Each structure stands twice: as C-alpha cells, then as structure tokens.
$ cat target.txt   # compact mmCIF, N, CA, C and O atoms
# COMPACT_ATOMS: atom_id res chain seq x y z
N PRO A 1 149.98 116.16 131.72
CA PRO A 1 151.21 115.41 131.57
C PRO A 1 151.11 114.44 130.41
O PRO A 1 150.07 113.88 130.13
N VAL A 2 152.25 114.24 129.80
CA VAL A 2 152.36 113.29 128.68
C VAL A 2 152.88 111.97 129.24
O VAL A 2 153.89 111.94 129.92
N VAL A 3 152.18 110.90 128.93
CA VAL A 3 152.59 109.58 129.40
C VAL A 3 153.08 108.78 128.20
O VAL A 3 152.35 108.63 127.22
N ALA A 4 154.31 108.34 128.28
CA ALA A 4 154.87 107.52 127.19
C ALA A 4 154.48 106.07 127.42
O ALA A 4 154.50 105.57 128.53
N SER A 5 154.11 105.43 126.34
CA SER A 5 153.77 104.01 126.46
C SER A 5 154.82 103.18 125.74
O SER A 5 155.42 103.62 124.78
N ALA A 6 155.00 102.00 126.24
CA ALA A 6 155.98 101.08 125.63
C ALA A 6 155.42 100.57 124.31
O ALA A 6 154.21 100.41 124.15
N PRO A 7 156.30 100.34 123.34
CA PRO A 7 155.81 99.80 122.06
C PRO A 7 155.25 98.40 122.28
O PRO A 7 155.63 97.70 123.21
N PRO A 8 154.32 98.00 121.42
CA PRO A 8 153.74 96.66 121.59
C PRO A 8 154.81 95.59 121.40
O PRO A 8 155.77 95.79 120.66
N PRO A 9 154.67 94.46 122.08
CA PRO A 9 155.68 93.41 121.94
C PRO A 9 155.70 92.86 120.52
O PRO A 9 154.69 92.85 119.83
N ALA A 10 156.89 92.44 120.10
CA ALA A 10 157.04 91.86 118.75
C ALA A 10 156.29 90.54 118.70
O ALA A 10 156.24 89.81 119.69
N PRO A 11 155.70 90.23 117.55
CA PRO A 11 154.99 88.94 117.45
C PRO A 11 155.97 87.79 117.60
O PRO A 11 157.13 87.88 117.22
N ALA A 12 155.50 86.70 118.15
CA ALA A 12 156.33 85.51 118.32
C ALA A 12 156.69 84.95 116.94
O ALA A 12 155.87 84.98 116.02
N PRO A 13 157.94 84.49 116.78
CA PRO A 13 158.31 83.92 115.48
C PRO A 13 157.50 82.67 115.19
O PRO A 13 157.09 81.95 116.09
N ALA A 14 157.28 82.44 113.90
CA ALA A 14 156.53 81.24 113.49
C ALA A 14 157.32 80.01 113.88
O ALA A 14 158.54 79.99 113.78
N PRO A 15 156.66 78.97 114.35
CA PRO A 15 157.39 77.75 114.72
C PRO A 15 158.04 77.12 113.49
O PRO A 15 157.53 77.22 112.38
N GLU A 16 159.19 76.49 113.73
CA GLU A 16 159.88 75.79 112.66
C GLU A 16 159.01 74.62 112.19
O GLU A 16 158.41 73.93 113.02
N PRO A 17 158.93 74.38 110.88
CA PRO A 17 158.14 73.22 110.44
C PRO A 17 158.81 71.92 110.89
O PRO A 17 160.02 71.83 110.94
N GLU A 18 157.98 70.98 111.23
CA GLU A 18 158.49 69.66 111.65
C GLU A 18 159.12 68.98 110.43
O GLU A 18 158.55 69.00 109.34
N PRO A 19 160.32 68.40 110.60
CA PRO A 19 160.89 67.68 109.46
C PRO A 19 160.07 66.42 109.21
O PRO A 19 159.46 65.86 110.12
N ASN A 20 160.08 65.99 107.95
CA ASN A 20 159.38 64.75 107.62
C ASN A 20 160.12 63.59 108.26
O ASN A 20 161.35 63.55 108.27
N GLN A 21 159.38 62.68 108.82
CA GLN A 21 159.98 61.49 109.40
C GLN A 21 159.57 60.31 108.55
O GLN A 21 158.40 60.15 108.21
N VAL A 22 160.56 59.51 108.19
CA VAL A 22 160.33 58.34 107.35
C VAL A 22 160.96 57.15 108.04
O VAL A 22 162.09 57.22 108.50
N THR A 23 160.23 56.08 108.13
CA THR A 23 160.77 54.83 108.67
C THR A 23 161.17 53.94 107.51
O THR A 23 160.35 53.67 106.62
N ILE A 24 162.42 53.53 107.50
CA ILE A 24 162.89 52.64 106.44
C ILE A 24 162.46 51.22 106.81
O ILE A 24 162.85 50.71 107.86
N PRO A 25 161.64 50.60 105.97
CA PRO A 25 161.16 49.25 106.28
C PRO A 25 162.31 48.24 106.34
O PRO A 25 163.25 48.31 105.55
N ALA A 26 162.23 47.32 107.28
CA ALA A 26 163.22 46.24 107.37
C ALA A 26 163.23 45.49 106.04
O ALA A 26 162.20 45.30 105.41
N GLY A 27 164.40 45.10 105.60
CA GLY A 27 164.53 44.35 104.37
C GLY A 27 164.54 45.22 103.12
O GLY A 27 164.49 44.70 102.01
N SER A 28 164.61 46.55 103.29
CA SER A 28 164.67 47.44 102.12
C SER A 28 165.92 47.12 101.31
O SER A 28 166.96 46.74 101.85
N THR A 29 165.80 47.26 100.00
CA THR A 29 166.90 46.94 99.10
C THR A 29 167.56 48.22 98.61
O THR A 29 166.88 49.15 98.18
N LEU A 30 168.88 48.26 98.71
CA LEU A 30 169.68 49.36 98.18
C LEU A 30 170.62 48.79 97.13
O LEU A 30 171.23 47.75 97.35
N SER A 31 170.72 49.46 96.02
CA SER A 31 171.67 49.06 94.99
C SER A 31 172.91 49.93 95.14
O SER A 31 172.83 51.15 95.02
N VAL A 32 174.05 49.29 95.44
CA VAL A 32 175.28 50.05 95.66
C VAL A 32 176.39 49.56 94.73
O VAL A 32 176.35 48.44 94.23
N ARG A 33 177.35 50.43 94.54
CA ARG A 33 178.54 50.10 93.75
C ARG A 33 179.74 50.24 94.68
O ARG A 33 179.97 51.30 95.25
N LEU A 34 180.47 49.15 94.85
CA LEU A 34 181.63 49.15 95.74
C LEU A 34 182.71 50.07 95.21
O LEU A 34 182.93 50.17 93.99
N SER A 35 183.43 50.71 96.13
CA SER A 35 184.52 51.61 95.76
C SER A 35 185.85 50.87 95.67
O SER A 35 186.83 51.43 95.20
N GLN A 36 185.89 49.63 96.16
CA GLN A 36 187.11 48.83 96.09
C GLN A 36 186.72 47.37 95.92
O GLN A 36 185.59 47.00 96.15
N SER A 37 187.70 46.56 95.53
CA SER A 37 187.46 45.13 95.40
C SER A 37 187.46 44.50 96.78
O SER A 37 188.24 44.89 97.65
N LEU A 38 186.58 43.53 96.98
CA LEU A 38 186.54 42.78 98.23
C LEU A 38 186.71 41.31 97.90
O LEU A 38 186.10 40.81 96.97
N SER A 39 187.51 40.63 98.69
CA SER A 39 187.75 39.21 98.48
C SER A 39 187.60 38.48 99.80
O SER A 39 188.13 38.93 100.83
N SER A 40 186.94 37.33 99.78
CA SER A 40 186.79 36.53 101.00
C SER A 40 188.14 36.03 101.50
O SER A 40 188.26 35.62 102.65
N GLU A 41 189.17 36.08 100.65
CA GLU A 41 190.50 35.64 101.06
C GLU A 41 191.28 36.73 101.78
O GLU A 41 192.24 36.44 102.50
N THR A 42 190.89 38.00 101.61
CA THR A 42 191.70 39.08 102.19
C THR A 42 190.98 39.90 103.26
O THR A 42 191.63 40.58 104.03
N VAL A 43 189.65 39.87 103.31
CA VAL A 43 188.93 40.65 104.31
C VAL A 43 188.52 39.75 105.47
O VAL A 43 188.51 38.52 105.35
N LYS A 44 188.18 40.37 106.59
CA LYS A 44 187.72 39.61 107.74
C LYS A 44 186.51 40.32 108.35
O LYS A 44 186.32 41.51 108.13
N PRO A 45 185.68 39.60 109.08
CA PRO A 45 184.52 40.24 109.71
C PRO A 45 184.94 41.45 110.54
O PRO A 45 185.95 41.41 111.24
N GLY A 46 184.18 42.52 110.40
CA GLY A 46 184.48 43.76 111.10
C GLY A 46 185.18 44.79 110.24
O GLY A 46 185.18 45.97 110.56
N ASP A 47 185.80 44.34 109.12
CA ASP A 47 186.44 45.30 108.21
C ASP A 47 185.38 46.22 107.61
O ASP A 47 184.25 45.80 107.36
N SER A 48 185.76 47.46 107.37
CA SER A 48 184.85 48.44 106.75
C SER A 48 185.06 48.48 105.24
O SER A 48 186.11 48.09 104.74
N PHE A 49 184.04 48.94 104.55
CA PHE A 49 184.15 49.16 103.11
C PHE A 49 183.35 50.40 102.74
O PHE A 49 182.51 50.87 103.52
N ALA A 50 183.64 50.94 101.58
CA ALA A 50 182.94 52.12 101.07
C ALA A 50 182.26 51.79 99.76
O ALA A 50 182.72 50.93 99.01
N ALA A 51 181.15 52.46 99.51
CA ALA A 51 180.40 52.25 98.28
C ALA A 51 179.63 53.54 97.98
O ALA A 51 179.65 54.49 98.77
N THR A 52 178.96 53.56 96.84
CA THR A 52 178.06 54.66 96.49
C THR A 52 176.73 54.06 96.04
O THR A 52 176.69 52.92 95.54
N LEU A 53 175.66 54.81 96.24
CA LEU A 53 174.36 54.34 95.78
C LEU A 53 174.35 54.31 94.26
O LEU A 53 174.75 55.27 93.60
N ASP A 54 173.88 53.21 93.70
CA ASP A 54 173.80 53.05 92.25
C ASP A 54 172.49 53.65 91.72
O ASP A 54 172.40 53.96 90.54
N GLN A 55 171.49 53.77 92.59
CA GLN A 55 170.20 54.34 92.23
C GLN A 55 169.73 55.19 93.42
O GLN A 55 170.12 54.93 94.55
N PRO A 56 168.87 56.18 93.18
CA PRO A 56 168.33 56.94 94.32
C PRO A 56 167.60 55.99 95.28
O PRO A 56 167.03 54.98 94.86
N PHE A 57 167.66 56.30 96.56
CA PHE A 57 166.96 55.50 97.57
C PHE A 57 165.70 56.25 97.96
O PHE A 57 165.74 57.32 98.55
N VAL A 58 164.54 55.69 97.57
CA VAL A 58 163.24 56.32 97.77
C VAL A 58 162.41 55.48 98.73
O VAL A 58 162.28 54.28 98.54
N VAL A 59 161.88 56.13 99.76
CA VAL A 59 161.01 55.46 100.74
C VAL A 59 159.79 56.33 100.93
O VAL A 59 159.91 57.54 101.18
N GLN A 60 158.62 55.75 100.80
CA GLN A 60 157.35 56.44 100.99
C GLN A 60 157.27 57.72 100.15
O GLN A 60 156.75 58.74 100.59
N GLY A 61 157.82 57.67 98.95
CA GLY A 61 157.77 58.81 98.03
C GLY A 61 158.82 59.87 98.28
O GLY A 61 158.90 60.85 97.55
N PHE A 62 159.65 59.73 99.32
CA PHE A 62 160.70 60.69 99.62
C PHE A 62 162.04 60.15 99.13
O PHE A 62 162.39 59.01 99.42
N VAL A 63 162.80 60.98 98.41
CA VAL A 63 164.15 60.60 98.01
C VAL A 63 165.04 60.85 99.23
O VAL A 63 165.33 61.98 99.57
N LEU A 64 165.42 59.76 99.88
CA LEU A 64 166.26 59.89 101.07
C LEU A 64 167.72 60.13 100.72
O LEU A 64 168.43 60.81 101.44
N ALA A 65 168.18 59.54 99.63
CA ALA A 65 169.56 59.70 99.21
C ALA A 65 169.62 59.61 97.69
O ALA A 65 168.96 58.78 97.08
N GLU A 66 170.40 60.49 97.12
CA GLU A 66 170.55 60.55 95.66
C GLU A 66 171.51 59.48 95.16
O GLU A 66 172.35 58.98 95.92
N ARG A 67 171.41 59.17 93.89
CA ARG A 67 172.38 58.28 93.25
C ARG A 67 173.77 58.90 93.45
O ARG A 67 173.94 60.10 93.33
N GLY A 68 174.74 58.08 93.82
CA GLY A 68 176.09 58.56 94.06
C GLY A 68 176.37 58.91 95.51
O GLY A 68 177.51 59.21 95.87
N ALA A 69 175.34 58.86 96.37
CA ALA A 69 175.55 59.15 97.79
C ALA A 69 176.51 58.14 98.40
O ALA A 69 176.51 56.96 98.02
N ARG A 70 177.33 58.59 99.33
CA ARG A 70 178.29 57.71 99.98
C ARG A 70 177.60 56.74 100.93
O ARG A 70 176.72 57.12 101.68
N VAL A 71 178.06 55.51 100.88
CA VAL A 71 177.55 54.43 101.73
C VAL A 71 178.74 53.79 102.42
O VAL A 71 179.80 53.64 101.81
N THR A 72 178.59 53.43 103.68
CA THR A 72 179.64 52.68 104.36
C THR A 72 179.04 51.39 104.90
O THR A 72 177.83 51.29 105.09
N GLY A 73 179.91 50.42 105.11
CA GLY A 73 179.43 49.15 105.61
C GLY A 73 180.54 48.38 106.28
O GLY A 73 181.68 48.82 106.35
N LYS A 74 180.17 47.20 106.78
CA LYS A 74 181.11 46.31 107.44
C LYS A 74 180.96 44.91 106.88
O LYS A 74 179.88 44.51 106.46
N ILE A 75 182.05 44.18 106.87
CA ILE A 75 182.04 42.77 106.49
C ILE A 75 181.47 41.99 107.68
O ILE A 75 181.93 42.16 108.81
N THR A 76 180.46 41.18 107.44
CA THR A 76 179.88 40.39 108.53
C THR A 76 180.34 38.94 108.49
O THR A 76 180.33 38.26 109.51
N ASN A 77 180.75 38.46 107.31
CA ASN A 77 181.24 37.09 107.18
C ASN A 77 182.15 37.02 105.97
O ASN A 77 181.84 37.58 104.92
N ALA A 78 183.27 36.33 106.13
CA ALA A 78 184.19 36.12 105.01
C ALA A 78 184.71 34.69 105.11
O ALA A 78 185.46 34.36 106.01
N ASP A 79 184.28 33.85 104.18
CA ASP A 79 184.67 32.44 104.18
C ASP A 79 185.32 32.14 102.83
O ASP A 79 184.65 32.15 101.80
N ALA A 80 186.63 31.89 102.85
CA ALA A 80 187.37 31.63 101.61
C ALA A 80 187.11 30.24 101.06
O ALA A 80 187.62 29.90 100.00
N GLY A 81 186.34 29.44 101.72
CA GLY A 81 185.95 28.15 101.16
C GLY A 81 186.65 26.95 101.75
O GLY A 81 186.22 25.82 101.55
N GLY A 82 187.75 27.15 102.44
CA GLY A 82 188.42 26.00 103.09
C GLY A 82 188.85 24.95 102.10
O GLY A 82 189.50 25.24 101.11
N ARG A 83 188.44 23.71 102.34
CA ARG A 83 188.90 22.59 101.51
C ARG A 83 188.20 22.50 100.16
O ARG A 83 188.69 21.86 99.25
N VAL A 84 187.02 23.08 100.03
CA VAL A 84 186.28 22.97 98.77
C VAL A 84 186.54 24.23 97.94
O VAL A 84 186.13 25.32 98.30
N ARG A 85 187.25 24.04 96.83
CA ARG A 85 187.58 25.19 95.98
C ARG A 85 186.33 25.67 95.24
O ARG A 85 185.49 24.90 94.84
N GLY A 86 186.23 26.99 95.10
CA GLY A 86 185.12 27.57 94.35
C GLY A 86 183.88 27.82 95.19
O GLY A 86 182.89 28.31 94.69
N VAL A 87 183.91 27.43 96.48
CA VAL A 87 182.76 27.64 97.35
C VAL A 87 183.19 28.61 98.44
O VAL A 87 183.67 28.22 99.49
N SER A 88 183.06 29.90 98.16
CA SER A 88 183.40 30.91 99.16
C SER A 88 182.21 31.83 99.33
O SER A 88 181.30 31.86 98.49
N SER A 89 182.19 32.55 100.44
CA SER A 89 181.09 33.49 100.66
C SER A 89 181.60 34.75 101.34
O SER A 89 182.60 34.73 102.06
N LEU A 90 180.87 35.81 101.09
CA LEU A 90 181.20 37.11 101.66
C LEU A 90 179.88 37.79 101.98
O LEU A 90 179.02 37.93 101.10
N SER A 91 179.68 38.15 103.23
CA SER A 91 178.45 38.83 103.64
C SER A 91 178.78 40.25 104.09
O SER A 91 179.76 40.47 104.80
N LEU A 92 177.93 41.18 103.66
CA LEU A 92 178.14 42.60 103.94
C LEU A 92 176.92 43.18 104.62
O LEU A 92 175.80 42.73 104.39
N ALA A 93 177.12 44.20 105.44
CA ALA A 93 176.01 44.94 106.05
C ALA A 93 176.27 46.42 105.83
O ALA A 93 177.37 46.92 106.11
N LEU A 94 175.28 47.11 105.30
CA LEU A 94 175.40 48.56 105.14
C LEU A 94 175.13 49.20 106.50
O LEU A 94 174.17 48.84 107.18
N THR A 95 175.99 50.13 106.91
CA THR A 95 175.85 50.73 108.23
C THR A 95 175.39 52.19 108.18
O THR A 95 174.80 52.67 109.14
N SER A 96 175.67 52.90 107.10
CA SER A 96 175.21 54.29 107.01
C SER A 96 175.27 54.76 105.56
O SER A 96 175.96 54.18 104.72
N PHE A 97 174.50 55.81 105.30
CA PHE A 97 174.60 56.50 104.02
C PHE A 97 174.28 57.97 104.25
O PHE A 97 173.72 58.34 105.27
N ARG A 98 174.66 58.79 103.31
CA ARG A 98 174.47 60.24 103.41
C ARG A 98 173.18 60.59 102.71
O ARG A 98 172.97 60.28 101.56
N THR A 99 172.25 61.27 103.43
CA THR A 99 170.95 61.61 102.88
C THR A 99 171.04 62.83 101.97
O THR A 99 172.04 63.55 101.97
N SER A 100 169.97 63.08 101.23
CA SER A 100 169.93 64.21 100.31
C SER A 100 170.08 65.55 101.02
O SER A 100 170.59 66.49 100.45
N ASP A 101 169.65 65.62 102.29
CA ASP A 101 169.77 66.89 103.02
C ASP A 101 171.00 66.93 103.93
O ASP A 101 171.11 67.76 104.81
N GLY A 102 171.97 66.03 103.69
CA GLY A 102 173.24 66.09 104.38
C GLY A 102 173.32 65.34 105.69
O GLY A 102 174.34 65.39 106.38
N GLN A 103 172.30 64.62 106.06
CA GLN A 103 172.35 63.84 107.29
C GLN A 103 172.98 62.49 107.03
O GLN A 103 173.01 62.01 105.90
N THR A 104 173.50 61.88 108.08
CA THR A 104 174.08 60.53 107.96
C THR A 104 173.15 59.56 108.64
O THR A 104 172.64 59.83 109.70
$ encode --input "target.txt" --output "structure tokens"
Amino acid sequence: PVVASAPPPAPAPAPEPEPNQVTIPAGSTLSVRLSQSLSSETVKPGDSFAATLDQPFVVQGFVLAERGARVTGKITNADAGGRVRGVSSLSLALTSFRTSDGQT
C-alpha cells in the first residue's frame, strides 16, 4: 500500500522588528514657526494654534520629525498687560507634532 504523507508545515514568519523607542527629555527645545498671528489681546487660555517645525527635531540621533512637520498647541496664558502699557505676556504649550513616520 501507498501511504500519503502530509507536507511539512510552513516555517513560522519572522517576527516583526521592534520599533525604536525614544524618550523625549523634559525641557527639549523645538523651533517652530507659527501659522497665524497670536496676540495677548485676542487669544485666551485654551485656544489652539498651529505651527510648523522650523528645524528637524532630533532626539538620541533619531530624526523624529522633519522640518515643516505640523505642530499644534494651546495657549496657556494670555495677559494683555492691564494698566501697564507695553507689559503683556503670552505663554504657549506644544501639544503634538507629526513624526517622520506619520505618527502623531
């Protein structure tokens, strides 16, 4: 009698390579260019703004975001100066940017 045997099992696919993980150090500096004018007289805390990276953002030798990448942020403080003219302040916080590989 002829005995048929099953074909050998296919080899397991190679595991996906682990993506590089980079921790952005607290206090990192990003150079951005605002997409619109902001004034302490017209914005209020919580308002959003848009910008683009003015230079590539590099951390631990990895380019996380290219020059021109979209950046978003929020106004954290807007003080038009009150009674003292010429003394106003505007504080901004960057909340996200688009990485070179398309992540936010």
$ select_by_dssp --input "target.txt" --residues "chain A" --states "strand (DSSP E)" --output "PyMOL selection string"
chain A and resi 32-34+48-53+57-59+62-65+70-79+89-97
$ atom_distance --input "target.txt" --atom1 "atom O of Gly102 in chain A" --atom2 "atom C of Gly46 in chain A"
23.6 Å
$ residues_around --input "target.txt" --residues "Asp47 in chain A" --least-positions-apart "4" --cutoff "6 Å" --atoms "all atoms listed in the file" --output "ChimeraX atom specification"
/A:73-76
$ atom_distance --input "target.txt" --atom1 "CA of Glu41 in chain A" --atom2 "CA of Ala69 in chain A"
28.1 Å
$ residues_around --input "target.txt" --residues "Leu64 in chain A" --least-positions-apart "3" --cutoff "8 Å" --atoms "all atoms listed in the file" --output "PyMOL selection string"
chain A and resi 56-61+67+97-103
$ write_last_selection --input "target.txt" --atoms "N, CA, C and O atoms" --output "compact mmCIF listing (two decimals), in the coordinates of the input"
# COMPACT_ATOMS: atom_id res chain seq x y z
N PRO A 56 168.87 56.18 93.18
CA PRO A 56 168.33 56.94 94.32
C PRO A 56 167.60 55.99 95.28
O PRO A 56 167.03 54.98 94.86
N PHE A 57 167.66 56.30 96.56
CA PHE A 57 166.96 55.50 97.57
C PHE A 57 165.70 56.25 97.96
O PHE A 57 165.74 57.32 98.55
N VAL A 58 164.54 55.69 97.57
CA VAL A 58 163.24 56.32 97.77
C VAL A 58 162.41 55.48 98.73
O VAL A 58 162.28 54.28 98.54
N VAL A 59 161.88 56.13 99.76
CA VAL A 59 161.01 55.46 100.74
C VAL A 59 159.79 56.33 100.93
O VAL A 59 159.91 57.54 101.18
N GLN A 60 158.62 55.75 100.80
CA GLN A 60 157.35 56.44 100.99
C GLN A 60 157.27 57.72 100.15
O GLN A 60 156.75 58.74 100.59
N GLY A 61 157.82 57.67 98.95
CA GLY A 61 157.77 58.81 98.03
C GLY A 61 158.82 59.87 98.28
O GLY A 61 158.90 60.85 97.55
N ARG A 67 171.41 59.17 93.89
CA ARG A 67 172.38 58.28 93.25
C ARG A 67 173.77 58.90 93.45
O ARG A 67 173.94 60.10 93.33
N PHE A 97 174.50 55.81 105.30
CA PHE A 97 174.60 56.50 104.02
C PHE A 97 174.28 57.97 104.25
O PHE A 97 173.72 58.34 105.27
N ARG A 98 174.66 58.79 103.31
CA ARG A 98 174.47 60.24 103.41
C ARG A 98 173.18 60.59 102.71
O ARG A 98 172.97 60.28 101.56
N THR A 99 172.25 61.27 103.43
CA THR A 99 170.95 61.61 102.88
C THR A 99 171.04 62.83 101.97
O THR A 99 172.04 63.55 101.97
N SER A 100 169.97 63.08 101.23
CA SER A 100 169.93 64.21 100.31
C SER A 100 170.08 65.55 101.02
O SER A 100 170.59 66.49 100.45
N ASP A 101 169.65 65.62 102.29
CA ASP A 101 169.77 66.89 103.02
C ASP A 101 171.00 66.93 103.93
O ASP A 101 171.11 67.76 104.81
N GLY A 102 171.97 66.03 103.69
CA GLY A 102 173.24 66.09 104.38
C GLY A 102 173.32 65.34 105.69
O GLY A 102 174.34 65.39 106.38
N GLN A 103 172.30 64.62 106.06
CA GLN A 103 172.35 63.84 107.29
C GLN A 103 172.98 62.49 107.03
O GLN A 103 173.01 62.01 105.90
$ atom_distance --input "target.txt" --atom1 "atom C of Ser88 in chain A" --atom2 "atom N of Pro25 in chain A"
28.6 Å
$ residues_around --input "target.txt" --residues "Gln36 in chain A" --least-positions-apart "3" --cutoff "7 Å" --atoms "only N, CA, C and O atoms" --output "PyMOL selection string"
chain A and resi 33+50-51
$ residues_around --input "target.txt" --residues "Gly81 in chain A" --least-positions-apart "6" --cutoff "12 Å" --atoms "only C-alpha atoms" --output "list in words"
Ser39, Ser40, Glu41, Val87, Ser88, Ser89 and Leu90 of chain A
$ residues_near_point --input "target.txt" --point "(171.5, 56.3, 93.2)" --cutoff "5 Å" --atoms "all atoms listed in the file" --output "list in words"
Leu53, Asp54, Gln55, Pro56, Glu66, Arg67 and Gly68 of chain A
$ write_last_selection --input "target.txt" --atoms "N, CA, C and O atoms" --output "PDB file, in the coordinates of the input"
ATOM      1  N   LEU A  53     175.660  54.810  96.240  1.00  0.00           N
ATOM      2  CA  LEU A  53     174.360  54.340  95.780  1.00  0.00           C
ATOM      3  C   LEU A  53     174.350  54.310  94.260  1.00  0.00           C
ATOM      4  O   LEU A  53     174.750  55.270  93.600  1.00  0.00           O
ATOM      5  N   ASP A  54     173.880  53.210  93.700  1.00  0.00           N
ATOM      6  CA  ASP A  54     173.800  53.050  92.250  1.00  0.00           C
ATOM      7  C   ASP A  54     172.490  53.650  91.720  1.00  0.00           C
ATOM      8  O   ASP A  54     172.400  53.960  90.540  1.00  0.00           O
ATOM      9  N   GLN A  55     171.490  53.770  92.590  1.00  0.00           N
ATOM     10  CA  GLN A  55     170.200  54.340  92.230  1.00  0.00           C
ATOM     11  C   GLN A  55     169.730  55.190  93.420  1.00  0.00           C
ATOM     12  O   GLN A  55     170.120  54.930  94.550  1.00  0.00           O
ATOM     13  N   PRO A  56     168.870  56.180  93.180  1.00  0.00           N
ATOM     14  CA  PRO A  56     168.330  56.940  94.320  1.00  0.00           C
ATOM     15  C   PRO A  56     167.600  55.990  95.280  1.00  0.00           C
ATOM     16  O   PRO A  56     167.030  54.980  94.860  1.00  0.00           O
ATOM     17  N   GLU A  66     170.400  60.490  97.120  1.00  0.00           N
ATOM     18  CA  GLU A  66     170.550  60.550  95.660  1.00  0.00           C
ATOM     19  C   GLU A  66     171.510  59.480  95.160  1.00  0.00           C
ATOM     20  O   GLU A  66     172.350  58.980  95.920  1.00  0.00           O
ATOM     21  N   ARG A  67     171.410  59.170  93.890  1.00  0.00           N
ATOM     22  CA  ARG A  67     172.380  58.280  93.250  1.00  0.00           C
ATOM     23  C   ARG A  67     173.770  58.900  93.450  1.00  0.00           C
ATOM     24  O   ARG A  67     173.940  60.100  93.330  1.00  0.00           O
ATOM     25  N   GLY A  68     174.740  58.080  93.820  1.00  0.00           N
ATOM     26  CA  GLY A  68     176.090  58.560  94.060  1.00  0.00           C
ATOM     27  C   GLY A  68     176.370  58.910  95.510  1.00  0.00           C
ATOM     28  O   GLY A  68     177.510  59.210  95.870  1.00  0.00           O
TER      29      GLY A  68
END
$ closest_residue --input "target.txt" --among "A:Ser96, A:Leu38, A:Gly86, A:Gln21" --to "Arg70 in chain A" --atoms "only N, CA, C and O atoms"
A:Ser96
$ closest_residue --input "target.txt" --among "A:Thr52, A:Thr72, A:Thr23, A:Thr95" --to "Ser35 in chain A" --atoms "all atoms listed in the file"
A:Thr52
$ build_atoms --input "target.txt" --residues "range 58-63 of chain A" --atoms "all heavy atoms" --output "compact mmCIF listing (two decimals), keeping the file's coordinate frame"
# COMPACT_ATOMS: atom_id res chain seq x y z
N VAL A 58 164.54 55.69 97.57
CA VAL A 58 163.24 56.32 97.77
C VAL A 58 162.41 55.48 98.73
O VAL A 58 162.28 54.28 98.54
CB VAL A 58 162.50 56.48 96.42
CG1 VAL A 58 161.16 57.17 96.61
CG2 VAL A 58 163.35 57.24 95.41
N VAL A 59 161.88 56.13 99.76
CA VAL A 59 161.01 55.46 100.74
C VAL A 59 159.79 56.33 100.93
O VAL A 59 159.91 57.54 101.18
CB VAL A 59 161.73 55.25 102.09
CG1 VAL A 59 160.78 54.65 103.12
CG2 VAL A 59 162.94 54.35 101.91
N GLN A 60 158.62 55.75 100.80
CA GLN A 60 157.35 56.44 100.99
C GLN A 60 157.27 57.72 100.15
O GLN A 60 156.75 58.74 100.59
CB GLN A 60 157.13 56.76 102.48
CG GLN A 60 157.07 55.55 103.36
CD GLN A 60 157.03 55.87 104.84
OE1 GLN A 60 157.05 57.03 105.24
NE2 GLN A 60 156.96 54.85 105.66
N GLY A 61 157.82 57.67 98.95
CA GLY A 61 157.77 58.81 98.03
C GLY A 61 158.82 59.87 98.28
O GLY A 61 158.90 60.85 97.55
N PHE A 62 159.65 59.73 99.32
CA PHE A 62 160.70 60.69 99.62
C PHE A 62 162.04 60.15 99.13
O PHE A 62 162.39 59.01 99.42
CB PHE A 62 160.82 60.94 101.13
CG PHE A 62 159.63 61.63 101.72
CD1 PHE A 62 158.68 60.91 102.44
CD2 PHE A 62 159.46 62.99 101.57
CE1 PHE A 62 157.58 61.54 102.99
CE2 PHE A 62 158.36 63.64 102.12
CZ PHE A 62 157.42 62.91 102.83
N VAL A 63 162.80 60.98 98.41
CA VAL A 63 164.15 60.60 98.01
C VAL A 63 165.04 60.85 99.23
O VAL A 63 165.33 61.98 99.57
CB VAL A 63 164.64 61.42 96.79
CG1 VAL A 63 166.08 61.06 96.46
CG2 VAL A 63 163.75 61.19 95.59
